[in-house]
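Q: Pasting my_file31.cif here (mmCIF, C-alpha atoms):
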data_upload
loop_
_atom_site.label_atom_id
_atom_site.label_comp_id
_atom_site.auth_asym_id
_atom_site.auth_seq_id
_atom_site.Cartn_x
_atom_site.Cartn_y
_atom_site.Cartn_z
CA MET A 1 -19.29 -29.58 11.63
CA SER A 2 -21.74 -30.51 8.92
CA PRO A 3 -21.18 -29.64 5.25
CA THR A 4 -23.92 -27.05 5.49
CA ASP A 5 -22.26 -25.39 8.47
CA ALA A 6 -18.93 -25.41 6.66
CA ALA A 7 -20.48 -23.76 3.63
CA HIS A 8 -22.42 -21.07 5.44
CA GLY A 9 -20.75 -19.10 8.20
CA SER A 10 -17.91 -21.36 9.28
CA LEU A 11 -14.79 -19.66 10.60
CA GLU A 12 -12.80 -22.78 9.72
CA PRO A 13 -10.52 -22.70 6.66
CA PRO A 14 -12.42 -24.20 3.72
CA ALA A 15 -11.17 -27.59 2.62
CA GLY A 16 -9.29 -27.22 -0.62
CA ALA A 17 -8.84 -23.45 -0.35
CA GLY A 18 -5.80 -23.16 -2.57
CA ALA A 19 -3.57 -26.02 -3.53
CA GLU A 20 -2.57 -28.61 -1.00
CA ASP A 21 1.08 -28.52 0.05
CA GLU A 22 2.02 -32.02 -0.96
CA GLY A 23 5.15 -33.74 0.26
CA GLY A 24 5.25 -31.80 3.50
CA ARG A 25 6.41 -28.57 1.87
CA PRO A 26 5.42 -25.25 3.50
CA LEU A 27 2.26 -23.67 2.14
CA LEU A 28 4.06 -20.32 1.69
CA ARG A 29 7.59 -20.20 0.27
CA VAL A 30 9.42 -16.91 -0.35
CA ARG A 31 13.03 -16.66 -1.53
CA GLY A 32 15.13 -13.56 -2.18
CA LEU A 33 12.23 -11.10 -2.36
CA ARG A 34 13.44 -7.65 -3.46
CA LYS A 35 11.53 -4.41 -3.99
CA SER A 36 12.57 -0.82 -4.65
CA PHE A 37 10.58 2.37 -5.08
CA GLY A 38 12.71 4.57 -7.30
CA SER A 39 16.18 4.65 -5.77
CA THR A 40 14.93 3.49 -2.36
CA GLU A 41 15.49 -0.21 -1.71
CA VAL A 42 12.62 -1.28 0.55
CA LEU A 43 13.13 -5.06 0.55
CA ARG A 44 16.68 -6.33 0.16
CA SER A 45 16.40 -10.11 0.19
CA VAL A 46 13.53 -11.58 2.19
CA ASP A 47 13.24 -15.33 2.75
CA LEU A 48 10.13 -16.77 4.44
CA SER A 49 8.29 -20.05 4.73
CA LEU A 50 5.11 -20.93 6.59
CA ASP A 51 3.36 -24.25 7.08
CA ARG A 52 -0.37 -24.65 6.54
CA GLY A 53 -2.34 -23.74 9.68
CA LYS A 54 0.47 -21.67 11.21
CA VAL A 55 0.62 -17.97 12.08
CA LEU A 56 3.60 -15.70 11.38
CA ALA A 57 3.81 -12.26 13.02
CA LEU A 58 5.96 -9.61 11.34
CA ILE A 59 7.21 -6.95 13.74
CA GLY A 60 9.56 -4.03 13.23
CA PRO A 61 9.82 -0.24 13.14
CA SER A 62 7.84 1.94 10.76
CA GLY A 63 9.37 1.94 7.30
CA SER A 64 11.13 -1.37 7.80
CA GLY A 65 9.35 -3.07 4.89
CA LYS A 66 6.74 -5.16 6.74
CA THR A 67 3.72 -3.90 4.80
CA THR A 68 5.60 -4.14 1.52
CA VAL A 69 6.23 -7.82 2.24
CA LEU A 70 2.48 -8.35 2.70
CA ARG A 71 1.59 -6.44 -0.45
CA CYS A 72 4.08 -8.50 -2.46
CA LEU A 73 2.62 -11.72 -1.06
CA ASN A 74 -0.80 -10.64 -2.35
CA GLY A 75 0.41 -9.25 -5.66
CA LEU A 76 -0.68 -5.72 -4.74
CA GLU A 77 2.97 -4.78 -5.26
CA ILE A 78 5.07 -6.51 -7.89
CA ALA A 79 8.47 -7.43 -6.46
CA ASP A 80 11.60 -6.68 -8.48
CA GLY A 81 13.18 -10.05 -7.82
CA GLY A 82 12.86 -13.32 -5.94
CA THR A 83 10.34 -16.14 -6.03
CA LEU A 84 7.02 -16.69 -4.30
CA ALA A 85 4.95 -19.87 -4.11
CA VAL A 86 1.63 -20.63 -2.41
CA GLY A 87 0.72 -24.29 -2.33
CA GLU A 88 1.75 -26.47 -5.25
CA ASP A 89 0.14 -24.75 -8.22
CA VAL A 90 0.97 -21.06 -7.72
CA SER A 91 4.56 -19.98 -8.26
CA VAL A 92 5.90 -16.62 -9.41
CA ASP A 93 9.47 -15.75 -10.40
CA PHE A 94 9.65 -11.97 -10.22
CA ALA A 95 12.89 -11.84 -12.20
CA SER A 96 10.69 -12.69 -15.18
CA ARG A 97 7.74 -10.34 -15.43
CA PRO A 98 4.71 -12.22 -13.99
CA THR A 99 1.80 -12.73 -16.34
CA ARG A 100 -1.72 -11.55 -15.52
CA ARG A 101 -2.73 -15.17 -15.10
CA GLN A 102 0.04 -15.76 -12.52
CA LEU A 103 -0.88 -12.64 -10.56
CA ALA A 104 -4.59 -13.52 -10.65
CA ALA A 105 -3.78 -17.00 -9.31
CA LEU A 106 -1.62 -15.47 -6.56
CA ARG A 107 -4.38 -13.07 -5.53
CA ASP A 108 -6.91 -15.89 -5.56
CA ARG A 109 -4.87 -17.76 -2.91
CA SER A 110 -4.67 -14.91 -0.40
CA ALA A 111 -6.84 -12.15 1.06
CA MET A 112 -5.77 -8.94 2.76
CA VAL A 113 -7.24 -7.24 5.83
CA PHE A 114 -6.17 -3.60 5.73
CA GLN A 115 -5.16 -1.22 8.48
CA HIS A 116 -7.84 1.33 7.52
CA TYR A 117 -10.57 -1.19 6.57
CA ASN A 118 -10.81 -0.12 2.88
CA LEU A 119 -14.54 -0.80 2.72
CA PHE A 120 -16.53 0.63 -0.19
CA PRO A 121 -18.35 3.59 1.45
CA HIS A 122 -21.25 3.51 -1.03
CA LYS A 123 -21.99 -0.19 -0.49
CA THR A 124 -23.73 -1.88 2.42
CA VAL A 125 -21.97 -4.35 4.67
CA LEU A 126 -23.44 -7.27 2.75
CA GLU A 127 -22.52 -5.74 -0.61
CA ASN A 128 -18.95 -5.19 0.59
CA VAL A 129 -18.62 -8.83 1.64
CA ILE A 130 -20.04 -10.38 -1.54
CA GLU A 131 -18.21 -8.08 -3.97
CA GLY A 132 -15.13 -10.30 -4.28
CA PRO A 133 -16.87 -13.69 -4.45
CA VAL A 134 -19.40 -12.47 -7.04
CA VAL A 135 -17.37 -10.06 -9.19
CA VAL A 136 -13.89 -11.59 -8.98
CA GLN A 137 -14.53 -15.27 -8.31
CA ARG A 138 -17.77 -15.43 -10.36
CA ARG A 139 -19.59 -17.38 -7.67
CA PRO A 140 -23.41 -17.44 -7.78
CA ARG A 141 -24.85 -14.45 -5.94
CA THR A 142 -27.25 -16.57 -3.89
CA GLU A 143 -24.36 -18.72 -2.66
CA ALA A 144 -22.21 -15.67 -1.87
CA VAL A 145 -25.05 -14.00 0.05
CA ALA A 146 -25.71 -17.14 2.10
CA ASP A 147 -22.02 -17.45 2.99
CA ALA A 148 -21.78 -13.74 3.84
CA GLU A 149 -24.86 -13.81 6.07
CA GLY A 150 -23.52 -16.84 7.91
CA LEU A 151 -20.12 -15.24 8.47
CA LEU A 152 -21.64 -11.95 9.63
CA ASP A 153 -23.76 -13.91 12.10
CA ARG A 154 -20.68 -15.73 13.41
CA VAL A 155 -18.93 -12.41 14.20
CA GLY A 156 -22.01 -10.77 15.71
CA LEU A 157 -22.82 -8.43 12.83
CA ALA A 158 -25.86 -10.09 11.25
CA GLN A 159 -28.03 -7.11 12.19
CA LYS A 160 -25.64 -4.77 10.32
CA ARG A 161 -25.95 -6.44 6.91
CA ASP A 162 -27.79 -3.47 5.40
CA ALA A 163 -25.79 -0.76 7.19
CA TYR A 164 -23.20 1.42 5.47
CA PRO A 165 -19.59 1.69 6.74
CA PHE A 166 -20.13 5.21 8.13
CA GLU A 167 -22.82 3.77 10.41
CA LEU A 168 -20.36 1.34 12.04
CA SER A 169 -17.73 1.75 14.72
CA GLY A 170 -14.10 1.21 13.80
CA GLY A 171 -14.12 -2.21 15.41
CA GLN A 172 -17.24 -3.22 13.49
CA GLN A 173 -15.73 -1.99 10.23
CA GLN A 174 -12.60 -4.04 10.83
CA ARG A 175 -14.65 -7.15 11.60
CA VAL A 176 -16.47 -6.59 8.29
CA GLY A 177 -13.05 -6.33 6.65
CA ILE A 178 -12.10 -9.70 8.15
CA VAL A 179 -15.40 -11.27 7.01
CA ARG A 180 -14.81 -9.88 3.52
CA ALA A 181 -11.44 -11.65 3.45
CA LEU A 182 -12.89 -14.91 4.79
CA ALA A 183 -15.65 -14.86 2.17
CA LEU A 184 -12.99 -15.28 -0.53
CA GLN A 185 -12.07 -18.66 1.01
CA PRO A 186 -8.32 -18.04 0.65
CA ALA A 187 -5.48 -20.35 1.57
CA LEU A 188 -3.60 -17.47 3.20
CA LEU A 189 -4.90 -14.53 5.29
CA LEU A 190 -2.80 -11.35 5.44
CA PHE A 191 -3.33 -8.71 8.14
CA ASP A 192 -1.70 -5.27 7.95
CA GLU A 193 -1.69 -3.85 11.51
CA PRO A 194 -5.38 -4.68 11.94
CA THR A 195 -5.81 -2.80 15.23
CA SER A 196 -3.60 0.27 14.79
CA ALA A 197 -6.48 2.49 13.59
CA LEU A 198 -8.83 1.46 16.41
CA ASP A 199 -9.62 3.17 19.68
CA PRO A 200 -8.06 1.18 22.56
CA GLU A 201 -11.42 -0.08 23.84
CA LEU A 202 -12.21 -1.61 20.43
CA VAL A 203 -8.95 -3.51 20.00
CA GLY A 204 -9.95 -6.52 22.10
CA ASP A 205 -12.85 -7.65 19.89
CA VAL A 206 -10.74 -7.63 16.75
CA LEU A 207 -7.80 -9.40 18.38
CA GLY A 208 -10.20 -11.95 19.85
CA LEU A 209 -11.59 -12.73 16.40
CA ILE A 210 -8.09 -13.16 14.95
CA LYS A 211 -7.19 -15.50 17.82
CA GLU A 212 -10.29 -17.54 17.02
CA LEU A 213 -9.20 -17.79 13.38
CA ALA A 214 -5.77 -18.96 14.50
CA HIS A 215 -7.39 -21.58 16.72
CA GLU A 216 -9.52 -22.75 13.77
CA GLY A 217 -6.38 -23.38 11.72
CA TRP A 218 -6.14 -20.50 9.26
CA THR A 219 -2.70 -19.81 7.80
CA MET A 220 -1.94 -16.16 8.52
CA VAL A 221 0.78 -13.53 8.19
CA ILE A 222 0.13 -10.61 10.54
CA VAL A 223 1.96 -7.30 10.65
CA THR A 224 1.46 -6.03 14.19
CA HIS A 225 2.93 -3.79 16.86
CA GLU A 226 1.05 -5.68 19.60
CA LEU A 227 3.88 -7.78 21.03
CA GLN A 228 1.76 -9.55 23.64
CA PHE A 229 -0.75 -10.48 20.95
CA ALA A 230 2.07 -11.76 18.73
CA ARG A 231 3.36 -13.87 21.60
CA GLU A 232 -0.08 -15.37 22.22
CA VAL A 233 -1.26 -16.04 18.67
CA ALA A 234 1.82 -16.57 16.50
CA HIS A 235 3.75 -19.77 15.96
CA GLU A 236 6.66 -17.74 14.55
CA VAL A 237 7.82 -14.13 14.81
CA ALA A 238 10.06 -12.33 12.33
CA PHE A 239 11.69 -9.00 13.16
CA VAL A 240 12.07 -6.89 10.01
CA ASP A 241 14.40 -3.90 9.79
CA GLY A 242 15.99 -2.17 6.85
CA GLY A 243 14.21 -4.40 4.37
CA THR A 244 15.66 -7.63 5.74
CA ILE A 245 14.64 -10.20 8.33
CA VAL A 246 17.01 -9.62 11.22
CA GLU A 247 15.68 -12.38 13.45
CA HIS A 248 13.10 -15.14 12.97
CA GLY A 249 11.95 -17.88 15.29
CA ASP A 250 9.77 -18.97 18.20
CA PRO A 251 7.87 -16.02 19.75
CA ASP A 252 9.23 -16.69 23.23
CA LEU A 253 12.80 -16.61 21.94
CA VAL A 254 12.46 -13.60 19.66
CA LEU A 255 10.37 -11.51 22.06
CA ARG A 256 11.77 -12.56 25.43
CA ALA A 257 15.37 -13.46 24.65
CA PRO A 258 16.29 -11.99 21.24
CA GLN A 259 19.72 -12.89 19.95
CA GLN A 260 20.32 -9.78 17.83
CA GLU A 261 21.09 -6.42 19.41
CA ARG A 262 18.79 -4.57 17.00
CA THR A 263 15.91 -6.85 17.97
CA ARG A 264 16.63 -6.33 21.67
CA GLN A 265 16.55 -2.55 21.20
CA PHE A 266 13.24 -2.65 19.36
CA VAL A 267 11.49 -5.01 21.78
CA HIS A 268 12.74 -3.07 24.82
CA ARG A 269 11.52 0.22 23.34
CA LEU A 270 8.02 -1.15 22.73
CA LEU A 271 7.76 -2.78 26.15
CA HIS A 272 9.25 0.23 27.98
CA PRO A 273 8.25 3.30 25.98
CA PHE A 274 8.94 5.81 28.78
#
Just dump the structure as structure tokens.

A:
Amino acid sequence: MSPTDAAHGSLEPPAGAGAEDEGGRPLLRVRGLRKSFGSTEVLRSVDLSLDRGKVLALIGPSGSGKTTVLRCLNGLEIADGGTLAVGEDVSVDFASRPTRRQLAALRDRSAMVFQHYNLFPHKTVLENVIEGPVVVQRRPRTEAVADAEGLLDRVGLAQKRDAYPFELSGGQQQRVGIVRALALQPALLLFDEPTSALDPELVGDVLGLIKELAHEGWTMVIVTHELQFAREVAHEVAFVDGGTIVEHGDPDLVLRAPQQERTRQFVHRLLHPF
């Protein structure tokens, strides 16, 4: 791929997006992550690591803490304890209150794709996509527009650049949400149940796009209830329950031959709901 292609509309991870993980260390490193809301302990002590270019799927029942893990990784929630590092130059110790600069650096390394799209309803598709690069990252508007138009073309939405979210289907809105995340050129992509709000006939397009991103080498953490999708796209699966990681490993092992009884119960219930 030429430099021009890479700059405008490439689905490949941008070279140098975030710090390089020198010395063979995982891109994402999480140790002892804890989070409570009032008296409710949501995350007890979460440890995770993920190499560059790999995909981790988080599965588990509602209320298990999966989404809270994602929001802590992105700095949308501030953990009560533990450490989090992305690459070599972003590290946060939550036992000491993180500074604004640390949180800004953390958010600059990752981008979230939300369950319910979270597009600005009063902005066009193009305006939604360039908002982060222009306002947050201070990139030139002409550069951000060119990148956005190229990405929209790559996902089949070039003709929707001037449409508003209410004019799009759910699947189209979610693809715009993914493009908006890609436009930030993050080191880490975070997906919070990206298909759960979609009609069944729209799920395939979104899952297909995420599979393409995995094939292109993006580093991703995906909260999902789609076990077959997790098996196909993820390099690792972690089963979360009660704010802890109960089981973590190869998708075939965790989803086909889980070692923990709680994991077996959950997987069986999803695969055999009736």

Q: So which residues get picked by the PyMOL selection byres ((chain A and resi 29) around 7) here, written as a ChimeraX atom specification?

A: /A:26-28,30-31,48-50,84-86

Q: Carefully work through the PyMOL selection byres ((chain A and resi 94-100) around 7) for this structure and note down the residues it includes, as a JSON list (two decimals) with C-alpha atoms, in the frame of the given file.

A:
[["chain", "number", "residue", "atom", "x", "y", "z"],
["A", 79, "ALA", "CA", 8.47, -7.43, -6.46],
["A", 80, "ASP", "CA", 11.60, -6.68, -8.48],
["A", 81, "GLY", "CA", 13.18, -10.05, -7.82],
["A", 82, "GLY", "CA", 12.86, -13.32, -5.94],
["A", 83, "THR", "CA", 10.34, -16.14, -6.03],
["A", 92, "VAL", "CA", 5.90, -16.62, -9.41],
["A", 93, "ASP", "CA", 9.47, -15.75, -10.40],
["A", 101, "ARG", "CA", -2.73, -15.17, -15.10],
["A", 102, "GLN", "CA", 0.04, -15.76, -12.52],
["A", 103, "LEU", "CA", -0.88, -12.64, -10.56],
["A", 104, "ALA", "CA", -4.59, -13.52, -10.65]]

Q: Please compute the atom CA of Glu216 of chain A-atom CA of Leu189 of chain A distance, one decimal, in Å.

A: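 It comes out at 12.7 Å.
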
Q: To test your reading of the syntax: which residues would the PyMOL selection byres ((chain A and resi 245-254) around 9) return for the file shown? Reply as a ChimeraX atom specification.

A: /A:45-48,57,230-232,234-244,255-260,262-264,267

Q: When you count all atoms listed in the file, which of these residues is closest to Arg161 of chain A: A:Val135, A:Ala181, A:Val176, A:Val125?

A: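 Residue with the minimum atom-to-atom distance to Arg161 of chain A: A:Val125.
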
Q: Find the distance between atom CA of Lys211 of chain A and atom CA of Val233 of chain A and write it in Å to one decimal.

A: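 Going from atom CA of Lys211 of chain A over to atom CA of Val233 of chain A, I get 6.0 Å.
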
Q: Atom CA of Pro133 of chain A to atom CA of Ser196 of chain A: how many Å, to one decimal?

A: 27.2 Å

Q: When you count only C-alpha atoms, which of these residues is closest to Glu212 of chain A: A:Leu190, A:Ile178, A:Leu119, A:Leu184?

A: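 Among the listed residues, A:Ile178 lies closest to Glu212 of chain A.
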
Q: Which residues are near Thr67 of chain A? Cut-off 12 Å, only C-alpha atoms, ignore same chain within fewer than 2 positions. Put them as an mmCIF file with C-alpha atoms, in the coordinates of the input.

A:
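That gives us out18.cif:
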data_model
loop_
_atom_site.group_PDB
_atom_site.id
_atom_site.type_symbol
_atom_site.label_atom_id
_atom_site.label_comp_id
_atom_site.auth_asym_id
_atom_site.auth_seq_id
_atom_site.Cartn_x
_atom_site.Cartn_y
_atom_site.Cartn_z
ATOM 1 C CA LYS A 35 11.530 -4.410 -3.990
ATOM 2 C CA VAL A 42 12.620 -1.280 0.550
ATOM 3 C CA LEU A 43 13.130 -5.060 0.550
ATOM 4 C CA ALA A 57 3.810 -12.260 13.020
ATOM 5 C CA LEU A 58 5.960 -9.610 11.340
ATOM 6 C CA ILE A 59 7.210 -6.950 13.740
ATOM 7 C CA GLY A 60 9.560 -4.030 13.230
ATOM 8 C CA PRO A 61 9.820 -0.240 13.140
ATOM 9 C CA SER A 62 7.840 1.940 10.760
ATOM 10 C CA GLY A 63 9.370 1.940 7.300
ATOM 11 C CA SER A 64 11.130 -1.370 7.800
ATOM 12 C CA GLY A 65 9.350 -3.070 4.890
ATOM 13 C CA VAL A 69 6.230 -7.820 2.240
ATOM 14 C CA LEU A 70 2.480 -8.350 2.700
ATOM 15 C CA ARG A 71 1.590 -6.440 -0.450
ATOM 16 C CA CYS A 72 4.080 -8.500 -2.460
ATOM 17 C CA LEU A 73 2.620 -11.720 -1.060
ATOM 18 C CA ASN A 74 -0.800 -10.640 -2.350
ATOM 19 C CA LEU A 76 -0.680 -5.720 -4.740
ATOM 20 C CA GLU A 77 2.970 -4.780 -5.260
ATOM 21 C CA MET A 112 -5.770 -8.940 2.760
ATOM 22 C CA VAL A 113 -7.240 -7.240 5.830
ATOM 23 C CA PHE A 114 -6.170 -3.600 5.730
ATOM 24 C CA GLN A 115 -5.160 -1.220 8.480
ATOM 25 C CA LEU A 190 -2.800 -11.350 5.440
ATOM 26 C CA PHE A 191 -3.330 -8.710 8.140
ATOM 27 C CA ASP A 192 -1.700 -5.270 7.950
ATOM 28 C CA GLU A 193 -1.690 -3.850 11.510
ATOM 29 C CA PRO A 194 -5.380 -4.680 11.940
ATOM 30 C CA VAL A 221 0.780 -13.530 8.190
ATOM 31 C CA ILE A 222 0.130 -10.610 10.540
ATOM 32 C CA VAL A 223 1.960 -7.300 10.650
ATOM 33 C CA THR A 224 1.460 -6.030 14.190
ATOM 34 C CA VAL A 240 12.070 -6.890 10.010
ATOM 35 C CA ASP A 241 14.400 -3.900 9.790
ATOM 36 C CA GLY A 243 14.210 -4.400 4.370
#

Q: Counting only C-alpha atoms, which of A:Gly217, A:His116, A:Phe266, A:Thr40 gets nearest to Leu198 of chain A?

A: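 Of all the options, A:His116 lies closest to Leu198 of chain A.
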
Q: Between A:Val136, A:Leu227, A:Glu167, A:Leu11, single out the one closest to Gly150 of chain A, counting all atoms listed in the file.

A: A:Leu11

Q: Which residue out of A:Val145, A:Val155, A:Ala163, A:Leu213 has the minimum interatomic distance to Thr124 of chain A when all atoms listed in the file are used?

A: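 With all atoms listed in the file as the atom set, the closest residue is A:Ala163.
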
Q: In terms of the shortest atom-to-atom distance over all atoms listed in the file, which of A:Lys54, A:Ala148, A:Ile210, A:Thr68 is closest to Arg34 of chain A?

A: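 Closest candidate: A:Thr68.
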